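Report on the following structure.
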Amino acid sequence: MNICHFCGNRNFRVAAIQYTYRHAGKFLIVDDVPCTKCEYCGEAYFKAEVLKRIEKEFNAIYYQGKKAKQKLSVPVERFAQIGGLTA
Ligand SMILES: [Zn+2]
């Protein structure tokens, strides 16, 4: 990575962030995922093998019965039903 696709900045730093993988209405949250972060806008870039590893884990959990370390119950709201915005 030498230029940020979002802001054009050229400075990056190594980081580890929480990544949410979403597929077919299902979610997998993975903590401490290694990435390169744009120092200006914060956009995170991941190596292809990192994303492949997460996708593999997602499949193992949802389709091969692997037990995840932890499970969360996540509240879901619809914006219009939490007050929305008045025009
Ligand atoms: Zn950027």
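In the structure tokens, chains take letters A, B, ... by order of appearance, with residues numbered from 1 within each chain and ligands from 1 in the order shown.
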Show me which residues sit within 10 Å of ligand 1 when counting only C-alpha atoms and all ligand atoms, and put them as an mmCIF file with C-alpha atoms, in the first residue's frame.
data_model
loop_
_atom_site.group_PDB
_atom_site.id
_atom_site.type_symbol
_atom_site.label_atom_id
_atom_site.label_comp_id
_atom_site.auth_asym_id
_atom_site.auth_seq_id
_atom_site.Cartn_x
_atom_site.Cartn_y
_atom_site.Cartn_z
ATOM 1 C CA ILE A 3 -1.375 5.641 -1.532
ATOM 2 C CA CYS A 4 -4.735 5.772 0.232
ATOM 3 C CA HIS A 5 -7.597 5.206 -2.232
ATOM 4 C CA PHE A 6 -9.867 7.453 -0.186
ATOM 5 C CA CYS A 7 -7.812 10.538 0.617
ATOM 6 C CA GLY A 8 -4.581 10.228 -1.381
ATOM 7 C CA ASN A 9 -2.383 10.293 1.719
ATOM 8 C CA ARG A 10 0.864 8.292 1.557
ATOM 9 C CA ASN A 11 1.557 7.682 5.231
ATOM 10 C CA PHE A 12 0.406 4.467 6.846
ATOM 11 C CA LYS A 37 -4.129 2.137 8.449
ATOM 12 C CA CYS A 38 -4.079 5.468 6.635
ATOM 13 C CA GLU A 39 -2.678 8.018 9.086
ATOM 14 C CA TYR A 40 -4.901 10.741 7.698
ATOM 15 C CA CYS A 41 -8.414 9.287 7.216
ATOM 16 C CA GLY A 42 -8.054 6.048 9.162
ATOM 17 C CA GLU A 43 -9.095 3.759 6.323
ATOM 18 C CA ALA A 44 -7.859 0.234 7.020
ATOM 19 C CA TYR A 45 -6.295 -1.989 4.380
#
Between region 34-76 of chain A and region 23-26 of chain A, at 10 Å or less, what are the per-residue closest atom pairs and their distances in Å? Count only C-alpha atoms, order by chain and rising residue number, and return it as JSON lines.
{"residue": "A:Glu55", "atom": "CA", "partner": "A:His23", "partner_atom": "CA", "distance": 9.1}
{"residue": "A:Phe58", "atom": "CA", "partner": "A:His23", "partner_atom": "CA", "distance": 8.8}
{"residue": "A:Asn59", "atom": "CA", "partner": "A:His23", "partner_atom": "CA", "distance": 9.9}
{"residue": "A:Tyr62", "atom": "CA", "partner": "A:Lys26", "partner_atom": "CA", "distance": 8.5}
Serialized selection, N, CA and C atoms, as a PDB file, in the first residue's frame:
ATOM      1  N   GLU A  55     -12.691 -15.328   6.173  1.00  0.00           N
ATOM      2  CA  GLU A  55     -13.777 -15.970   5.418  1.00  0.00           C
ATOM      3  C   GLU A  55     -13.813 -17.472   5.719  1.00  0.00           C
ATOM      4  N   PHE A  58     -15.301 -17.932   9.130  1.00  0.00           N
ATOM      5  CA  PHE A  58     -16.751 -17.716   9.016  1.00  0.00           C
ATOM      6  C   PHE A  58     -17.433 -19.009   8.545  1.00  0.00           C
ATOM      7  N   ASN A  59     -16.892 -19.607   7.508  1.00  0.00           N
ATOM      8  CA  ASN A  59     -17.475 -20.851   6.982  1.00  0.00           C
ATOM      9  C   ASN A  59     -17.388 -21.985   7.993  1.00  0.00           C
ATOM     10  N   TYR A  62     -20.171 -21.202  10.684  1.00  0.00           N
ATOM     11  CA  TYR A  62     -21.566 -21.281  10.253  1.00  0.00           C
ATOM     12  C   TYR A  62     -21.920 -22.586   9.549  1.00  0.00           C
TER      13      TYR A  62
END
- Message: Residues of chain A classed as helix (DSSP H, G or I) by DSSP on the backbone are to be reported as a list in words.
- Response: Ala48, Glu49, Val50, Leu51, Lys52, Arg53, Ile54, Glu55, Lys56, Glu57, Phe58, Asn59, Ala60, Ile61, Tyr62, Tyr63, Phe79, Ala80, Gln81 and Ile82 of chain A
- Message: Can you tell me which residues surround Lys71 (chain A) at a distance of at most 12 Å, considering only C-alpha atoms, apart from same-chain residues fewer than 4 positions away, and format the answer as a list in words?
- Response: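 Within the cut-off, the hits are Phe27, Leu28, Ile29, Val30, Ile61 and Lys67 of chain A.
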Please, could you write that set of residues out with C-alpha atoms as a compact mmCIF listing (two decimals), in the first residue's frame?
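Below you can see out_16.txt, which holds the result:
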# COMPACT_ATOMS: atom_id res chain seq x y z
CA PHE A 27 -21.86 -11.78 10.88
CA LEU A 28 -18.48 -12.73 12.29
CA ILE A 29 -16.54 -10.25 14.41
CA VAL A 30 -12.79 -10.86 14.63
CA ILE A 61 -18.38 -21.53 12.30
CA LYS A 67 -17.60 -23.23 18.12
- Message: When you look at Val33 (chain A) with a cut-off of 7 Å (counting only C-alpha atoms), what residues show up, excluding the ones that are within fewer than 5 positions of it in the same chain? I need them as an MDAnalysis selection string.
- Response: chainID A and resid 16:19
- What residues in region 27-79 of chain A get the DSSP label strand (DSSP E or B)? Please answer as a PyMOL selection string. chain A and resi 27-38+44-45
Output the selection as a PDB file, in the first residue's frame - N, CA and C atoms for each residue.
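So the final result, stored in out20.pdb, reads:
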ATOM      1  N   PHE A  27     -23.001 -12.603  10.505  1.00  0.00           N
ATOM      2  CA  PHE A  27     -21.858 -11.776  10.882  1.00  0.00           C
ATOM      3  C   PHE A  27     -20.816 -12.581  11.642  1.00  0.00           C
ATOM      4  N   LEU A  28     -19.559 -12.212  11.440  1.00  0.00           N
ATOM      5  CA  LEU A  28     -18.485 -12.727  12.286  1.00  0.00           C
ATOM      6  C   LEU A  28     -17.600 -11.538  12.651  1.00  0.00           C
ATOM      7  N   ILE A  29     -17.413 -11.323  13.935  1.00  0.00           N
ATOM      8  CA  ILE A  29     -16.538 -10.254  14.409  1.00  0.00           C
ATOM      9  C   ILE A  29     -15.208 -10.880  14.808  1.00  0.00           C
ATOM     10  N   VAL A  30     -14.120 -10.350  14.274  1.00  0.00           N
ATOM     11  CA  VAL A  30     -12.794 -10.858  14.628  1.00  0.00           C
ATOM     12  C   VAL A  30     -11.988  -9.711  15.224  1.00  0.00           C
ATOM     13  N   ASP A  31     -11.490  -9.902  16.430  1.00  0.00           N
ATOM     14  CA  ASP A  31     -10.695  -8.878  17.103  1.00  0.00           C
ATOM     15  C   ASP A  31      -9.230  -8.960  16.702  1.00  0.00           C
ATOM     16  N   ASP A  32      -8.537  -7.848  16.835  1.00  0.00           N
ATOM     17  CA  ASP A  32      -7.085  -7.779  16.628  1.00  0.00           C
ATOM     18  C   ASP A  32      -6.636  -8.270  15.251  1.00  0.00           C
ATOM     19  N   VAL A  33      -7.345  -7.853  14.225  1.00  0.00           N
ATOM     20  CA  VAL A  33      -6.970  -8.239  12.859  1.00  0.00           C
ATOM     21  C   VAL A  33      -5.874  -7.289  12.368  1.00  0.00           C
ATOM     22  N   PRO A  34      -4.755  -7.838  11.904  1.00  0.00           N
ATOM     23  CA  PRO A  34      -3.660  -6.980  11.440  1.00  0.00           C
ATOM     24  C   PRO A  34      -4.046  -6.233  10.160  1.00  0.00           C
ATOM     25  N   CYS A  35      -3.698  -4.965  10.097  1.00  0.00           N
ATOM     26  CA  CYS A  35      -3.991  -4.168   8.910  1.00  0.00           C
ATOM     27  C   CYS A  35      -2.997  -3.017   8.808  1.00  0.00           C
ATOM     28  N   THR A  36      -3.117  -2.280   7.708  1.00  0.00           N
ATOM     29  CA  THR A  36      -2.349  -1.059   7.528  1.00  0.00           C
ATOM     30  C   THR A  36      -3.370   0.064   7.497  1.00  0.00           C
ATOM     31  N   LYS A  37      -3.156   1.071   8.327  1.00  0.00           N
ATOM     32  CA  LYS A  37      -4.129   2.137   8.449  1.00  0.00           C
ATOM     33  C   LYS A  37      -3.602   3.438   7.902  1.00  0.00           C
ATOM     34  N   CYS A  38      -4.437   4.143   7.134  1.00  0.00           N
ATOM     35  CA  CYS A  38      -4.079   5.468   6.635  1.00  0.00           C
ATOM     36  C   CYS A  38      -3.970   6.405   7.835  1.00  0.00           C
ATOM     37  N   ALA A  44      -8.687   1.410   6.757  1.00  0.00           N
ATOM     38  CA  ALA A  44      -7.859   0.234   7.020  1.00  0.00           C
ATOM     39  C   ALA A  44      -7.752  -0.636   5.773  1.00  0.00           C
ATOM     40  N   TYR A  45      -6.546  -1.107   5.525  1.00  0.00           N
ATOM     41  CA  TYR A  45      -6.295  -1.989   4.380  1.00  0.00           C
ATOM     42  C   TYR A  45      -5.799  -3.329   4.897  1.00  0.00           C
TER      43      TYR A  45
END
